[in-house]
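**Q** This is the structure, below, for whatever I ask next.
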Amino acid sequence: MLDLSNITKVFYPGTVNEKMALDNINLHVNKGDVICVVGSNGSGKSTLFNLISGTYPVTNGKIIFDGTDVTASPEYKRAMTIGRIFQDPTKGTAANMSIEDNMITAETKGMKGLRISLNNEKREQFASLLKLIGLQDRLKDNVGLLSGGQRQALTLLMIVMSRPKMLLLDEHTAALDPRNAQIVMDLTERFIAEYKLTALMVTHNMQFAINFGNRLIMMDEGTIILDVSGEEKSKLTVEELVRLFKNLRNKTYANDEALLTKE
Ligand SMILES: Nc1ncnc2c1ncn2[C@@H]1O[C@H](COP(=O)(O)OP(=O)(O)OP(=O)(O)O)[C@@H](O)[C@H]1O
């Protein structure tokens, strides 16, 4: 589904601020993989997502997505098949547009450019989808009126409506209160299973990363230092992960948040 070969990202090359954010990354993502990405602050997790989504160009290396070399493909083109959700619930939907107008935009994207009109039949379809997130009676409300949790759930729903092949979830529940975070996470799990999506999810919560998905990768200083899946992953404990990190890197895992937050 996705192949990253010898991916390097250097910010401000040749200047005093030069920063190697990703250092020769090789990653093969299988169709249907649900991968949690953990790593200390500044280890390169967001940069990895930014390169996959085409937000930033690579400095070196090749990205093959679904059999096509997308290394030079612009972000808007990749967004047709790669859906991304950020931590900030205000990204991903247009605040000053109604829920139904937001949804028609998402569906048009899913139909890959085909024109769709907003008629009563369409409204009924949208309302039945919105039932999943309890917003079925609010089609005409502006998205700006929704709570952070409702808005993030709508973003997720709209991304799924756009029929992506892959989801990039960038700490997408981190800004929500525990109850809403759980609702959005349940929805995420449901959509991934229902639409057989391939997904990568950044999380700072190591226990969650152990429990969720079939694969876990750990990053440090721009490299992937650990890649575990299946039974090996599910048998892990947070303590073991931290110990593994220490053995591999000869230093302590520098992310207190990861150790404190347990689900
Ligand atoms: N646009 C940018 N310009 C310059 N440096 C950047 C840029 N984006 C990231 N970096 C640097 O690249 C390195 C990796 O950052 P990145 O945001 O990918 O880490 P992260 O693992 O997502 O961290 P966190 O968990 O704190 O969000 C850091 O040193 C960061 O300062």
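Residues in the structure tokens are named by chain (A, B, ... in the order shown) and by number from 1 within that chain; ligands are numbered from 1 in the order shown.
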Write down as JSON, numbers by chain the residues belonging to segment 39-133 of chain A that are assigned strand (DSSP E or B) by DSSP computed on the backbone.
**A** {"A": [39, 60, 61, 62, 63, 64, 65, 68, 69, 82, 83, 84, 85, 98]}
**Q** Excluding segment 103-107 of chain A and its own-chain neighbours fewer than 6 positions away, which residues fall within 9 Å of it when counting only C-alpha atoms? Please give them as an NGL selection string.
**A** :A and (116-118 or 122 or 126 or 154 or 157-163)
**Q** Using only C-alpha atoms, which of the listed residues (A:Val58, A:Leu226, A:Val10, A:Leu132) sits closest to Thr188 of chain A?
**A**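 Closest candidate: A:Leu132.
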**Q** May I ask which of the residues A:Glu239, A:Ser5, A:Phe65, A:Met219 is the closest one to Ala79 of chain A, counting only C-alpha atoms?
**A**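 Counting only C-alpha atoms, the residue closest to Ala79 of chain A is A:Phe65.
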**Q** Please check which protein, DNA or RNA residues sit within 6 Å of ligand 1, counting only C-alpha atoms and all ligand atoms, and write them as a PyMOL selection string.
**A** chain A and resi 11+21+40-47
**Q** Taking 3 positions as the minimum chain separation for residues in the same chain, which residues sit within 12 Å of Gln182 of chain A when counting only C-alpha atoms? Answer as an mmCIF file with N, CA and C atoms, in the first residue's frame.
**A**
```
data_model
loop_
_atom_site.group_PDB
_atom_site.id
_atom_site.type_symbol
_atom_site.label_atom_id
_atom_site.label_comp_id
_atom_site.auth_asym_id
_atom_site.auth_seq_id
_atom_site.Cartn_x
_atom_site.Cartn_y
_atom_site.Cartn_z
ATOM 1 N N GLY A 149 -15.461 18.024 20.106
ATOM 2 C CA GLY A 149 -15.654 16.586 19.892
ATOM 3 C C GLY A 149 -16.578 16.316 18.712
ATOM 4 N N GLN A 150 -17.668 17.098 18.642
ATOM 5 C CA GLN A 150 -18.617 16.928 17.527
ATOM 6 C C GLN A 150 -17.933 17.246 16.204
ATOM 7 N N GLN A 152 -14.712 17.108 15.519
ATOM 8 C CA GLN A 152 -13.720 16.104 15.152
ATOM 9 C C GLN A 152 -14.423 14.847 14.606
ATOM 10 N N ALA A 153 -15.573 14.509 15.194
ATOM 11 C CA ALA A 153 -16.338 13.355 14.708
ATOM 12 C C ALA A 153 -16.834 13.628 13.285
ATOM 13 N N HIS A 172 -5.336 12.722 16.872
ATOM 14 C CA HIS A 172 -6.613 13.380 16.566
ATOM 15 C C HIS A 172 -7.591 13.409 17.735
ATOM 16 N N THR A 173 -7.273 12.739 18.840
ATOM 17 C CA THR A 173 -8.173 12.848 19.994
ATOM 18 C C THR A 173 -7.519 13.590 21.152
ATOM 19 N N ALA A 174 -6.272 14.037 20.947
ATOM 20 C CA ALA A 174 -5.494 14.596 22.059
ATOM 21 C C ALA A 174 -6.088 15.888 22.636
ATOM 22 N N ALA A 175 -6.823 16.654 21.800
ATOM 23 C CA ALA A 175 -7.341 17.933 22.296
ATOM 24 C C ALA A 175 -8.754 17.793 22.875
ATOM 25 N N LEU A 176 -9.274 16.570 22.900
ATOM 26 C CA LEU A 176 -10.658 16.376 23.352
ATOM 27 C C LEU A 176 -10.706 15.889 24.799
ATOM 28 N N ASP A 177 -11.847 16.158 25.470
ATOM 29 C CA ASP A 177 -11.998 15.636 26.829
ATOM 30 C C ASP A 177 -12.156 14.110 26.735
ATOM 31 N N PRO A 178 -11.909 13.385 27.832
ATOM 32 C CA PRO A 178 -11.875 11.919 27.755
ATOM 33 C C PRO A 178 -13.118 11.295 27.118
ATOM 34 N N ARG A 179 -14.309 11.844 27.420
ATOM 35 C CA ARG A 179 -15.528 11.243 26.889
ATOM 36 C C ARG A 179 -15.594 11.397 25.356
ATOM 37 N N MET A 185 -12.624 7.977 19.084
ATOM 38 C CA MET A 185 -11.792 6.778 18.909
ATOM 39 C C MET A 185 -12.642 5.566 18.519
ATOM 40 N N ASP A 186 -13.802 5.414 19.145
ATOM 41 C CA ASP A 186 -14.694 4.297 18.795
ATOM 42 C C ASP A 186 -15.116 4.393 17.330
ATOM 43 N N LEU A 187 -15.413 5.636 16.930
ATOM 44 C CA LEU A 187 -15.821 5.885 15.551
ATOM 45 C C LEU A 187 -14.668 5.554 14.586
ATOM 46 N N THR A 188 -13.468 5.946 14.989
ATOM 47 C CA THR A 188 -12.281 5.682 14.169
ATOM 48 C C THR A 188 -12.141 4.174 13.948
ATOM 49 N N GLU A 189 -12.254 3.444 15.057
ATOM 50 C CA GLU A 189 -12.098 1.993 15.002
ATOM 51 C C GLU A 189 -13.169 1.382 14.085
ATOM 52 N N PHE A 208 -2.110 2.829 24.916
ATOM 53 C CA PHE A 208 -3.076 2.839 23.822
ATOM 54 C C PHE A 208 -2.442 2.248 22.557
ATOM 55 N N GLU A 263 -4.768 4.389 29.330
ATOM 56 C CA GLU A 263 -6.196 4.289 29.010
ATOM 57 C C GLU A 263 -6.780 3.053 29.647
#
```
**Q** Would you give me, as a PyMOL selection string, the residues in segment 28-256 of chain A that DSSP reads as alpha helix (DSSP H)?
**A** chain A and resi 45-53+75-78+99-110+120-130+148-161+178-194+206-211+230-234+238-249+256
**Q** Choose the residue, out of A:Met218, A:Tyr56, A:Thr93, A:Ile85, that has the smallest atom-to-atom separation from Ser73 of chain A; count only C-alpha atoms.
**A**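 Between A:Met218, A:Tyr56, A:Thr93, A:Ile85, the residue approaching Ser73 of chain A most closely is A:Tyr56.
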**Q** Quick one: residues within 12 Å of Thr55 of chain A, only C-alpha atoms, excluding same-chain residues fewer than 6 positions away - as a ChimeraX atom specification?
**A** /A:46-49,71-79,82,84
**Q** Write the selection just made, keeping C-alpha atoms, as a compact mmCIF listing (two decimals), in the first residue's frame?
**A**
```
# COMPACT_ATOMS: atom_id res chain seq x y z
CA SER A 46 4.68 14.67 12.22
CA THR A 47 7.37 15.13 9.60
CA LEU A 48 6.80 11.54 8.50
CA PHE A 49 3.08 12.31 8.06
CA THR A 71 7.23 11.43 -4.50
CA ALA A 72 6.66 14.53 -6.61
CA SER A 73 2.87 14.53 -6.42
CA PRO A 74 1.33 17.65 -4.80
CA GLU A 75 -0.57 17.51 -1.51
CA TYR A 76 -4.00 18.22 -3.05
CA LYS A 77 -3.67 15.22 -5.36
CA ARG A 78 -2.58 12.89 -2.59
CA ALA A 79 -5.49 14.17 -0.47
CA ILE A 82 -4.97 9.95 1.79
CA ARG A 84 -5.55 13.24 7.36
```
**Q** When you draw a straight line from atom CA of Asp33 of chain A to atom CA of Arg215 of chain A, how long is it in Å?
**A** 7.0 Å
**Q** How many Å lie between atom CA of Asp141 of chain A and atom CA of Met111 of chain A, rounded to one decimal?
**A** 24.2 Å
**Q** May I ask which of the residues A:Asn60, A:Asn30, A:Asn247, A:Asn102 is the closest one to Lys165 of chain A, counting only C-alpha atoms?
**A**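 Nearest candidate to Lys165 of chain A out of A:Asn60, A:Asn30, A:Asn247, A:Asn102: A:Asn30.
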**Q** Which residues are near Asp170 of chain A? Cut-off 6 Å, only C-alpha atoms, ignore same chain within fewer than 4 positions. Put them as a PDB file with C-alpha atoms, in the first residue's frame.
**A**
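Result file part27.pdb:
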```
ATOM      1  CA  ILE A  85      -6.900  14.399  10.697  1.00  0.00           C
ATOM      2  CA  PHE A  86      -5.039  16.719  13.013  1.00  0.00           C
ATOM      3  CA  MET A 201      -1.872   6.991  13.981  1.00  0.00           C
ATOM      4  CA  VAL A 202       0.472   9.146  16.035  1.00  0.00           C
TER       5      VAL A 202
END
```
